Every structure is written in C-alpha cells, then in structure tokens.
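As stored in upload.csv (CSV, C-alpha atoms and all ligand atoms):
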chain,number,residue,atom,x,y,z
A,19,MET,CA,-4.8,22.5,-0.5
A,20,LEU,CA,-6.8,19.5,0.8
A,21,PHE,CA,-8.0,18.8,-2.8
A,22,ALA,CA,-4.3,18.7,-3.9
A,23,ARG,CA,-3.5,16.3,-1.2
A,24,GLU,CA,-6.3,14.0,-2.2
A,25,ILE,CA,-5.0,13.6,-5.8
A,26,ALA,CA,-1.3,13.3,-5.1
A,27,GLY,CA,-1.3,9.6,-5.6
A,28,ALA,CA,-0.7,7.0,-8.3
A,29,PRO,CA,-1.1,3.3,-9.2
A,30,ALA,CA,1.4,0.8,-8.1
A,31,ILE,CA,2.0,-2.8,-9.3
A,32,ASP,CA,4.8,-5.4,-9.1
A,33,ARG,CA,7.1,-6.2,-12.0
A,34,ALA,CA,10.0,-8.6,-12.5
A,35,GLY,CA,13.6,-7.4,-12.1
A,36,LEU,CA,15.7,-6.1,-9.3
A,37,GLU,CA,15.2,-2.4,-9.8
A,38,THR,CA,11.8,-2.3,-11.3
A,39,ARG,CA,10.5,-4.2,-8.3
A,40,LEU,CA,11.4,-1.3,-6.2
A,41,VAL,CA,8.9,1.1,-7.7
A,42,PRO,CA,5.5,1.3,-9.4
A,43,ALA,CA,5.4,0.2,-13.0
A,44,PRO,CA,5.1,2.7,-15.8
A,45,HIS,CA,2.2,2.3,-18.3
A,46,ALA,CA,0.6,-0.2,-16.0
A,47,ASN,CA,-2.6,-1.8,-17.3
A,48,PRO,CA,-5.3,0.1,-15.4
A,49,SER,CA,-7.2,-3.1,-14.9
A,50,THR,CA,-4.3,-4.5,-12.7
A,51,THR,CA,-4.0,-1.4,-10.6
A,52,SER,CA,-6.0,0.6,-8.0
A,53,PRO,CA,-5.8,4.2,-9.0
A,54,PRO,CA,-6.5,6.5,-6.1
A,55,THR,CA,-9.9,8.1,-5.9
A,56,SER,CA,-11.2,10.9,-3.7
A,57,ALA,CA,-12.1,8.2,-1.3
A,58,SER,CA,-8.4,7.2,-0.9
A,59,PRO,CA,-6.6,10.4,0.0
A,60,GLN,CA,-2.8,10.5,-0.3
A,61,PRO,CA,-0.9,12.2,2.4
A,62,VAL,CA,1.7,14.9,1.7
A,63,PRO,CA,5.0,13.0,1.2
A,64,LYS,CA,7.6,13.0,4.0
A,65,THR,CA,10.3,11.2,2.1
A,66,LEU,CA,11.0,10.6,-1.6
A,67,ASP,CA,9.9,7.0,-1.1
A,68,ASP,CA,6.4,8.4,-0.4
A,69,VAL,CA,6.2,10.0,-3.8
A,70,PRO,CA,4.7,7.8,-6.5
A,71,GLY,CA,6.8,7.3,-9.6
A,72,TRP,CA,9.3,5.1,-11.4
A,73,PHE,CA,12.6,6.4,-10.1
A,74,SER,CA,14.6,3.5,-8.9
A,75,TRP,CA,17.3,3.5,-6.2
A,76,ILE,CA,20.2,3.1,-8.6
A,77,ASP,CA,18.9,6.0,-10.8
A,78,GLN,CA,18.6,8.2,-7.7
A,79,GLN,CA,22.3,7.4,-7.0
A,80,LEU,CA,23.3,8.2,-10.6
A,81,PHE,CA,21.3,11.4,-10.8
A,82,ARG,CA,23.0,12.5,-7.5
A,83,TRP,CA,26.4,11.4,-8.8
A,84,SER,CA,26.0,13.2,-12.1
A,85,LEU,CA,24.8,16.5,-10.5
A,86,GLU,CA,27.5,16.4,-7.8
A,87,HIS,CA,30.1,15.6,-10.5
A,88,GLN,CA,29.0,18.8,-12.2
A,89,GLU,CA,29.6,20.6,-8.9
A,90,THR,CA,33.1,19.2,-8.8
A,91,THR,CA,33.8,20.1,-12.4
A,92,ARG,CA,32.1,23.5,-12.0
A,93,THR,CA,29.9,22.9,-15.0
A,94,PRO,CA,27.5,25.7,-15.3
A,95,GLY,CA,23.9,25.4,-16.7
A,96,ASP,CA,20.2,25.0,-16.1
A,97,LEU,CA,18.2,21.9,-15.4
A,98,LEU,CA,15.4,20.5,-17.5
A,99,GLU,CA,13.0,17.6,-17.1
A,100,LEU,CA,10.6,16.6,-19.8
A,101,GLY,CA,7.9,14.5,-18.1
A,102,ALA,CA,7.6,15.1,-14.4
A,103,TYR,CA,4.5,13.1,-13.4
A,104,LEU,CA,4.1,13.6,-9.6
A,105,GLY,CA,7.6,14.9,-9.1
A,106,LYS,CA,9.7,12.0,-7.9
A,107,SER,CA,12.7,12.7,-10.1
A,108,ALA,CA,12.1,16.5,-10.2
A,109,ILE,CA,12.2,16.7,-6.4
A,110,LEU,CA,15.7,15.1,-6.4
A,111,MET,CA,16.9,17.3,-9.3
A,112,GLY,CA,15.5,20.4,-7.4
A,113,GLU,CA,18.2,19.8,-4.7
A,114,TYR,CA,20.8,20.8,-7.2
A,115,VAL,CA,19.3,24.1,-8.4
A,116,ARG,CA,21.7,27.0,-8.2
A,117,ASP,CA,21.0,30.7,-8.2
A,118,GLY,CA,20.6,32.1,-11.6
A,119,GLU,CA,20.3,28.7,-13.2
A,120,PRO,CA,16.6,27.9,-13.6
A,121,PHE,CA,15.1,24.4,-13.4
A,122,THR,CA,12.3,23.9,-15.9
A,123,VAL,CA,9.8,21.0,-15.9
A,124,CYS,CA,7.6,20.4,-18.9
A,125,ASP,CA,4.5,18.1,-18.6
A,126,LEU,CA,1.0,18.1,-19.9
A,127,PHE,CA,-0.3,17.2,-16.4
A,128,ASP,CA,-4.1,17.4,-16.7
A,129,SER,CA,-4.1,19.0,-20.1
A,130,ASP,CA,-4.9,17.1,-23.3
A,131,SER,CA,-2.3,16.2,-25.9
A,132,PRO,CA,-2.9,17.4,-29.5
A,133,ASP,CA,-1.7,14.0,-30.7
A,134,GLU,CA,-4.3,11.2,-30.4
A,135,ALA,CA,-1.7,8.4,-29.8
A,136,ASN,CA,-0.1,10.5,-27.0
A,137,GLN,CA,-3.5,11.3,-25.6
A,138,ALA,CA,-4.3,7.5,-25.4
A,139,GLU,CA,-1.0,7.0,-23.6
A,140,LEU,CA,-1.9,9.7,-21.1
A,141,ARG,CA,-5.3,8.2,-20.5
A,142,ARG,CA,-3.9,4.7,-20.1
A,143,SER,CA,-1.0,5.5,-17.8
A,144,TYR,CA,-1.5,8.9,-16.0
A,145,LYS,CA,-5.2,9.4,-15.8
A,146,THR,CA,-5.1,10.5,-12.1
A,147,LEU,CA,-2.3,13.0,-12.7
A,148,THR,CA,-2.9,16.7,-12.0
A,149,ARG,CA,-0.5,19.7,-11.9
A,150,ALA,CA,-1.8,20.3,-8.3
A,151,GLY,CA,-0.6,16.9,-7.3
A,152,PHE,CA,2.9,17.6,-8.7
A,153,GLU,CA,3.0,21.0,-7.0
A,154,THR,CA,1.9,19.6,-3.6
A,155,ASN,CA,4.6,16.9,-3.7
A,156,TYR,CA,7.3,19.3,-4.9
A,157,LEU,CA,6.5,21.9,-2.3
A,158,ALA,CA,6.8,19.3,0.4
A,159,PHE,CA,10.5,19.3,-0.2
A,160,HIS,CA,11.4,22.7,-1.6
A,161,ASP,CA,10.4,26.3,-0.9
A,162,GLU,CA,9.8,27.3,-4.5
A,163,LEU,CA,8.4,25.5,-7.5
A,164,PRO,CA,10.5,25.1,-10.6
A,165,THR,CA,9.5,26.9,-13.8
A,166,ILE,CA,6.5,24.8,-15.0
A,167,VAL,CA,5.7,24.5,-18.7
A,168,GLN,CA,2.3,22.9,-18.9
A,169,ALA,CA,2.5,22.0,-22.6
A,170,PRO,CA,3.6,19.3,-25.0
A,171,THR,CA,7.4,18.8,-24.9
A,172,ALA,CA,7.4,19.7,-28.6
A,173,GLU,CA,7.1,23.3,-27.4
A,174,ILE,CA,10.1,23.2,-25.0
A,175,GLY,CA,12.4,25.2,-27.4
A,176,GLU,CA,10.1,28.2,-26.9
A,177,HIS,CA,10.8,28.2,-23.1
A,178,VAL,CA,14.4,27.2,-22.6
A,179,ARG,CA,17.5,29.0,-24.1
A,180,PRO,CA,19.6,27.1,-26.6
A,181,ARG,CA,22.8,25.5,-25.1
A,182,SER,CA,21.8,26.6,-21.6
A,183,CYS,CA,21.4,23.2,-19.8
A,184,ARG,CA,23.8,21.0,-17.9
A,185,PHE,CA,21.4,18.2,-17.2
A,186,VAL,CA,18.2,17.1,-19.1
A,187,HIS,CA,16.0,14.2,-18.2
A,188,VAL,CA,13.8,12.9,-21.1
A,189,ASP,CA,10.9,11.0,-19.5
A,190,ALA,CA,7.7,12.3,-21.2
A,191,SER,CA,5.9,10.4,-24.0
A,192,HIS,CA,7.3,7.0,-24.7
A,193,LEU,CA,6.2,7.0,-28.4
A,194,TYR,CA,9.0,7.0,-31.0
A,195,GLU,CA,8.1,10.3,-32.7
A,196,HIS,CA,7.9,12.1,-29.4
A,197,VAL,CA,11.1,10.7,-27.8
A,198,ASP,CA,13.0,11.2,-31.0
A,199,ALA,CA,11.9,14.9,-31.1
A,200,ASP,CA,12.7,15.3,-27.3
A,201,ILE,CA,16.3,13.9,-27.9
A,202,GLU,CA,16.7,16.2,-30.9
A,203,ALA,CA,15.6,19.1,-28.7
A,204,SER,CA,18.1,18.1,-26.0
A,205,ALA,CA,20.9,18.4,-28.5
A,206,GLY,CA,20.1,22.1,-29.0
A,207,LEU,CA,19.4,22.8,-25.3
A,208,LEU,CA,22.3,21.0,-23.6
A,209,ARG,CA,25.8,22.5,-23.3
A,210,PRO,CA,28.4,20.3,-24.9
A,211,GLU,CA,29.5,18.7,-21.6
A,212,GLY,CA,25.9,18.4,-20.4
A,213,ILE,CA,24.3,15.1,-19.4
A,214,LEU,CA,21.2,13.7,-21.1
A,215,VAL,CA,19.2,10.9,-19.3
A,216,CYS,CA,16.7,8.9,-21.3
A,217,ASP,CA,14.1,6.8,-19.5
A,218,ASP,CA,12.9,3.3,-20.5
A,219,TYR,CA,15.5,2.9,-23.3
A,220,ARG,CA,15.1,-0.9,-23.3
A,221,ALA,CA,11.8,-2.0,-21.8
A,222,HIS,CA,9.5,-4.4,-23.6
A,223,HIS,CA,6.5,-2.0,-23.4
A,224,THR,CA,8.6,1.0,-24.9
A,225,PRO,CA,10.0,-0.1,-28.2
A,226,GLY,CA,9.7,3.4,-29.5
A,227,VAL,CA,12.1,4.7,-26.9
A,228,ALA,CA,14.5,1.9,-27.6
A,229,ALA,CA,14.5,2.7,-31.3
A,230,ALA,CA,14.9,6.4,-30.8
A,231,VAL,CA,17.7,6.2,-28.2
A,232,TRP,CA,19.8,3.4,-29.8
A,233,HIS,CA,19.6,5.0,-33.2
A,234,ARG,CA,21.1,8.1,-31.8
A,235,VAL,CA,23.8,6.1,-29.9
A,236,VAL,CA,24.8,4.0,-32.9
A,237,ALA,CA,24.5,6.6,-35.7
A,238,GLY,CA,23.5,10.0,-34.3
A,239,GLY,CA,26.5,11.3,-32.3
A,240,LEU,CA,25.0,10.6,-28.9
A,241,ARG,CA,27.7,9.2,-26.6
A,242,ALA,CA,26.5,6.8,-24.0
A,243,ILE,CA,28.1,7.2,-20.6
A,244,CYS,CA,26.4,4.3,-18.8
A,245,ALA,CA,23.1,2.6,-18.4
A,246,THR,CA,21.0,1.2,-15.5
A,247,PRO,CA,18.1,-1.2,-16.1
A,248,LYS,CA,15.8,1.7,-16.7
A,249,LYS,CA,17.8,4.7,-17.9
A,250,LEU,CA,20.6,5.5,-20.3
A,251,TYR,CA,23.0,8.4,-19.5
A,252,ALA,CA,24.7,10.1,-22.4
A,253,THR,CA,26.3,13.3,-23.6
A,254,TRP,CA,26.6,15.1,-26.9
A,255,GLY,CA,30.1,15.9,-26.0
A,256,ASP,CA,33.1,13.7,-24.9
A,257,ALA,CA,31.9,10.8,-22.7
A,258,THR,CA,35.5,9.7,-21.7
A,259,PRO,CA,36.2,12.1,-18.8
A,260,VAL,CA,32.8,11.6,-17.2
A,261,GLN,CA,33.1,7.8,-17.7
A,262,ASP,CA,36.6,7.8,-16.0
A,263,ALA,CA,35.2,9.8,-13.0
A,264,LEU,CA,32.2,7.5,-12.8
A,265,LEU,CA,34.4,4.3,-12.8
A,266,SER,CA,36.5,5.7,-10.0
A,267,TRP,CA,33.4,6.4,-8.0
A,268,LEU,CA,31.8,3.0,-8.7
A,269,GLY,CA,35.1,1.4,-7.5
A,270,THR,CA,34.3,2.8,-4.0
A,271,ARG,CA,30.7,1.7,-3.9
A,272,GLN,CA,30.0,-1.7,-2.2
A,273,ASP,CA,26.3,-1.3,-3.0
A,274,CYS,CA,26.6,-0.8,-6.7
A,275,TRP,CA,27.5,-3.4,-9.4
A,276,HIS,CA,29.1,-2.4,-12.7
A,277,GLN,CA,30.6,-3.9,-15.8
A,278,VAL,CA,32.3,-2.3,-18.8
A,279,GLN,CA,31.3,-3.4,-22.3
A,280,SER,CA,31.8,-2.0,-25.8
A,281,VAL,CA,28.9,-1.0,-28.0
A,282,ALA,CA,29.5,0.0,-31.6
A,283,GLY,CA,33.1,0.6,-30.7
A,284,HIS,CA,32.3,2.8,-27.7
A,285,ARG,CA,32.9,2.1,-24.1
A,286,PHE,CA,29.6,1.4,-22.3
A,287,ILE,CA,29.2,1.0,-18.5
A,288,LEU,CA,26.4,-1.1,-17.1
A,289,VAL,CA,25.4,-0.1,-13.6
A,290,ASN,CA,22.9,-1.7,-11.2
A,291,ALA,CA,22.3,-2.0,-7.5
A,292,GLN,CA,24.0,-5.0,-5.7
A,293,ARG,CA,21.4,-7.6,-5.1
A,294,GLN,CA,22.0,-7.8,-1.4
A,295,ARG,CA,21.6,-4.0,-0.9
A,296,ARG,CA,19.0,-3.4,1.8
A,297,ARG,CA,16.0,-1.7,0.4
A,298,PRO,CA,14.6,1.3,2.2
A,299,THR,CA,11.6,0.4,4.3
A,300,GLY,CA,9.4,2.6,2.1
A,301,ASP,CA,10.0,0.3,-0.8
A,302,ALA,CA,9.1,-2.9,1.0
A,303,ASP,CA,6.4,-4.8,-0.7
A,304,PRO,CA,4.5,-7.1,1.7
A,305,ARG,CA,3.7,-9.7,-1.1
A,306,ARG,CA,7.4,-9.9,-2.1
A,307,LEU,CA,8.5,-10.1,1.6
A,308,GLY,CA,5.8,-12.9,2.1
A,309,ARG,CA,7.2,-14.8,-0.8
A,310,GLN,CA,10.7,-14.5,0.4
A,311,LEU,CA,9.7,-15.7,3.9
A,312,GLU,CA,8.0,-18.7,2.4
A,313,ARG,CA,11.0,-19.6,0.3
A,314,GLU,CA,13.3,-19.3,3.4
A,315,ARG,CA,10.9,-21.5,5.4
A,316,ARG,CA,10.9,-24.2,2.7
A,317,ALA,CA,14.7,-24.0,2.5
A,318,ARG,CA,15.0,-24.4,6.3
A,319,GLU,CA,12.6,-27.4,6.2
A,320,ALA,CA,14.6,-29.1,3.4
A,321,LYS,CA,17.9,-28.6,5.4
A,322,GLN,CA,16.2,-30.1,8.5
A,323,ARG,CA,15.1,-33.1,6.5
A,324,GLU,CA,18.7,-33.6,5.2
A,325,LEU,CA,20.0,-33.3,8.7
A,326,ASP,CA,17.5,-35.8,10.1
A,327,ALA,CA,18.3,-38.2,7.2
A,328,VAL,CA,22.0,-38.0,8.0
A,329,ARG,CA,21.4,-38.5,11.8
A,330,GLY,CA,19.3,-41.6,11.0
A,331,SER,CA,21.8,-43.2,8.7
A,332,VAL,CA,23.8,-46.3,9.7
A,333,SER,CA,27.2,-44.6,9.0
A,334,PHE,CA,26.3,-41.6,11.2
A,335,ARG,CA,25.3,-43.9,14.1
A,336,VAL,CA,28.5,-46.1,13.7
A,337,GLY,CA,30.5,-42.9,13.6
A,338,ARG,CA,28.9,-41.7,16.9
A,339,VAL,CA,29.8,-45.0,18.5
A,340,ILE,CA,33.4,-44.8,17.4
A,341,THR,CA,33.9,-41.2,18.4
A,342,ALA,CA,32.1,-41.5,21.8
A,343,PRO,CA,35.3,-42.0,23.8
A,344,LEU,CA,36.9,-39.0,22.1
A,345,ARG,CA,33.8,-36.9,22.9
A,346,LEU,CA,34.0,-38.0,26.5
A,347,LEU,CA,37.6,-36.9,26.8
A,348,ALA,CA,36.8,-33.6,25.1
A,349,ARG,CA,34.1,-32.7,27.8
A,350,PRO,CA,35.2,-29.9,30.1
A,351,VAL,CA,36.3,-31.2,33.5
A,352,ARG,CA,33.9,-30.1,36.3
A,353,ARG,CA,35.6,-28.7,39.3
A,354,SER,CA,33.9,-29.4,42.7
A,401,LIG,C1,6.9,8.4,-16.9
A,401,LIG,S1,6.1,9.9,-16.4
A,401,LIG,C2,7.4,10.8,-15.7
A,401,LIG,C3,7.9,10.2,-14.5
A,401,LIG,C4,8.8,11.1,-13.6
A,401,LIG,N1,9.9,11.6,-14.4
A,401,LIG,C5,9.2,10.4,-12.4
A,401,LIG,O1,10.4,9.9,-12.3
A,401,LIG,O2,8.4,10.2,-11.5
A,401,LIG,C6,5.8,10.6,-17.9
A,401,LIG,C7,5.1,12.0,-17.9
A,401,LIG,O3,5.2,12.6,-19.2
A,401,LIG,C8,4.0,13.3,-19.4
A,401,LIG,N2,3.9,13.4,-20.9
A,401,LIG,C9,3.5,12.4,-21.7
A,401,LIG,N3,3.5,12.9,-23.0
A,401,LIG,C10,3.8,14.2,-22.9
A,401,LIG,C11,4.0,15.2,-23.9
A,401,LIG,N4,3.8,15.0,-25.2
A,401,LIG,N5,4.4,16.4,-23.5
A,401,LIG,C12,4.6,16.7,-22.1
A,401,LIG,N6,4.4,15.8,-21.2
A,401,LIG,C13,4.1,14.5,-21.6
A,401,LIG,C14,2.9,12.6,-18.7
A,401,LIG,O4,1.9,13.5,-18.3
A,401,LIG,C15,3.7,12.0,-17.4
A,401,LIG,O5,3.5,12.9,-16.3

Please express the file's structure as structure tokens.
Amino acid sequence: MLFAREIAGAPAIDRAGLETRLVPAPHANPSTTSPPTSASPQPVPKTLDDVPGWFSWIDQQLFRWSLEHQETTRTPGDLLELGAYLGKSAILMGEYVRDGEPFTVCDLFDSDSPDEANQAELRRSYKTLTRAGFETNYLAFHDELPTIVQAPTAEIGEHVRPRSCRFVHVDASHLYEHVDADIEASAGLLRPEGILVCDDYRAHHTPGVAAAVWHRVVAGGLRAICATPKKLYATWGDATPVQDALLSWLGTRQDCWHQVQSVAGHRFILVNAQRQRRRPTGDADPRRLGRQLERERRAREAKQRELDAVRGSVSFRVGRVITAPLRLLARPVRRS
C-alpha cells in the first residue's frame, strides 16, 4: 500500500485561461514539470482537489448536473470512462453509480500501447502513471473499485454491452485516429438519450481531438449540448430537452457564465465559471496569488499618487479654502 501511495502523483504546471489555470496541464512538456519520484511521496487524497488531473471546476459542476439530471429524468444506464489517469473524473462519476448499472473505466495505465504514436504520447504525458496509483486514489473515496479494463480503448466494445450506457467520458488518447474511434464506439455503447463528453475538443495541443469532435458535430449526427473551455457535451439523441433543462439550471447559478450561440444551425451553449468565483483553497497557486498581490499593490500606489497630485493642485487648495466655513459648520457640536 505504501508503494501505491508513493506513486499516486502527477506533474503540475501553469497555463493561461480561467479554467485551465485551476488544474495541472495535460500533455505538459516534461522539461517544465517536476514529476514525482519515490523521493517525493504523494499522500492519499482527502478531497478531489488533492487528486492530480485536468478536471476543472466548471466541468465538475456540469458532470454533476448531467448525472443528477439523469436521476431526475430516471434515465437508466451504465457509466463509462475512456482514459482515467489518476482517477479525478472517475472518482466524481463513481458517486453516481447505481446498483446493477456498472461503471467501467478503460486505461492503459502502466501497460504499453500497441501504437507507436500513442506510446510516445503516454511516455510524454503520463510516464509516472500506474494502475495502483488510480486504485489508491479511487479507494480513498469509494468502497469498491469500478470495473477496470486495462487495455487500449479500441477494445472497449468487448467489455461493455451495446446501448447500455447513460454517460460516457472520452478522455484517453488525444490523437485523431484514436479519438475518432472512441467517439464511434460511444455511438454504439450509449443509449439514445445518453450523454457523451469529449475532452480537449479545442486546445492548441490537441488538433486531432478538435478535428474528430467537430467533424461529428457538423456532419456526423452528434448533437452538441454545451461546451466549457475544456470539454464538449453532446448526445446522439435529441439535445433540445437536455439543453432546455440546462438553461433553466444555469439561470439559477450566480457562479456560472453562459451564452447561447448557433453552430451549423444547431443551438450551442457556452458555459464557464464566473471570473469572480472564489477558487477552492486546494487550487490556489502561490505564484498566481503572488502576481495578483503585486498587481493590486501597484494599483494602490497609482491611486495614492493620483490622490496626492489632486491634493497638491491649486484648484484643490482653493476649494479647501472656500469650503472651510462650511466644514466648520458641519462639525458635530461638542456638549460639555
Ligand atoms: C488526459 S488523461 C485522463 C484524465 C482523467 N480523465 C482526469 O480527468 O483526471 C488520459 C488517459 O488516457 C490514457 N490513454 C491514452 N491512450 C490510451 C489508449 N489508447 N487506450 C487506453 N487508455 C489510453 C492515459 O494512460 C491517461 O491515463
């Protein structure tokens, strides 16, 4: 168990953008990160913030909303995650497992990929990942592990029943051929009203995901429900009822921003966290907070200089002389 604790960590670097700043960056250049070693043991997580991953606050809200909406609409079905890493998103999904409706996660973890390009991706981005790390993290929050398929996602059809899923998270390889195949597999595994979430559908470092996802949205029958900066939520069924319900919920949320647009003739909802939302302490980045403090100090100094300049000006001094009697009258009368 101690060994599992030691490897349950991951690299973390800063990136630009509201949401992506909250979490470690995917596909980080290893030269800019400090991957954990056996000399830097990671504790068993106490909260989801302690689990390394790329699962932003707004996506956590939308996962919860989607899975709770499925409770309200009594949508039956299993849960599936392709690409689990150290369990951040799987742990949250695991809260919504129901009796008789299995939760399957599929990841290569510490196995090799049969595909060289995919193997290079694993070496570059997830080289400290092990299945034991995932299991340690998951079991810190749940009594039982999900069904784990330690294999390429290309094999998922052999492990999950067709049309059995209500919620599928596609977050494994970010190479075009793999994502395209994962989305295709989701079409066969999801129930018609099920929800598909695709990660990194628009990031600069993941053009293959963007190509695969947008092609399906524009020409492949995938109906987008909404999108956050990191993930696109969609369905192979009718998006309208779930979009209507989502818009009602968003109308009640002070901490979420949204906007409705149209893409290729279909309604498309953009969702993000409000900028002023307080971040959980676990996400606080000392360098970002330091920069913010420095900006605020400079702004205060600039205001002070402005105030001093006004106080030193001739018009201000003349004004003080003119208004002196009035200020005297306005003074509270002291009773003896
Ligand atoms: C971006 S991480 C998943 C992050 C996770 N969902 C979270 O929110 O923390 C991608 C994962 O996909 C796995 N992966 C990459 N290519 C894969 C493949 N062809 N088959 C199965 N898993 C793969 C990697 O091992 C890695 O754990």

(message) Distance limit 7 Å, reference ligand LIG 401 (chain A), atoms considered: all atoms listed in the file. Which residues make the cut? Give them as a PyMOL selection string.
(response) chain A and resi 44+70-73+100-108+124-127+131+136+140+144+147+169-172+189-191+196

(message) Please list as a PyMOL selection string every residue within 8 Å of stretch 281-287 of chain A, counting only C-alpha atoms and excluding residues in the same chain fewer than 3 positions away.
(response) chain A and resi 236+241-245+261+276-278

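Computed from the coordinates, the atom CA of A:Ala342 to atom CA of A:Val328 distance equals 17.5 Å.
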
(request) Could you check which of A:Asp77, A:Arg315, A:Asn155, A:Thr224 is closest to A:Lys249, using all atoms listed in the file? (result)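 Using all atoms listed in the file, the shortest distance to A:Lys249 belongs to A:Asp77.
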
(request) Within 10 Å of A:His177, counting all atoms listed in the file, which residues show up once you throw out same-chain ones fewer than 2 positions away? Write them as a PyMOL selection string, please. (result) chain A and resi 122+124+165-167+173-175+179-180

(message) So the first atom is atom CA of A:Gln272 and the second is atom CA of A:Phe185; what is the distance between them in Å, to one decimal place?
(response)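 Pair atom CA of A:Gln272 / atom CA of A:Phe185 returns 26.4 Å.
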
(message) Let me make sure I understand: among A:Pro132, A:Glu139, A:Val260, A:Val197, which one has the smallest atom-to-atom distance to A:Thr90 if we use only C-alpha atoms?
(response) A:Val260

(request) May I have the residues within 9 Å of A:Thr253 as a PyMOL selection string, using all atoms listed in the file and disregarding those fewer than 4 positions away in the same chain? (result) chain A and resi 205+208+210-215+239-243+257
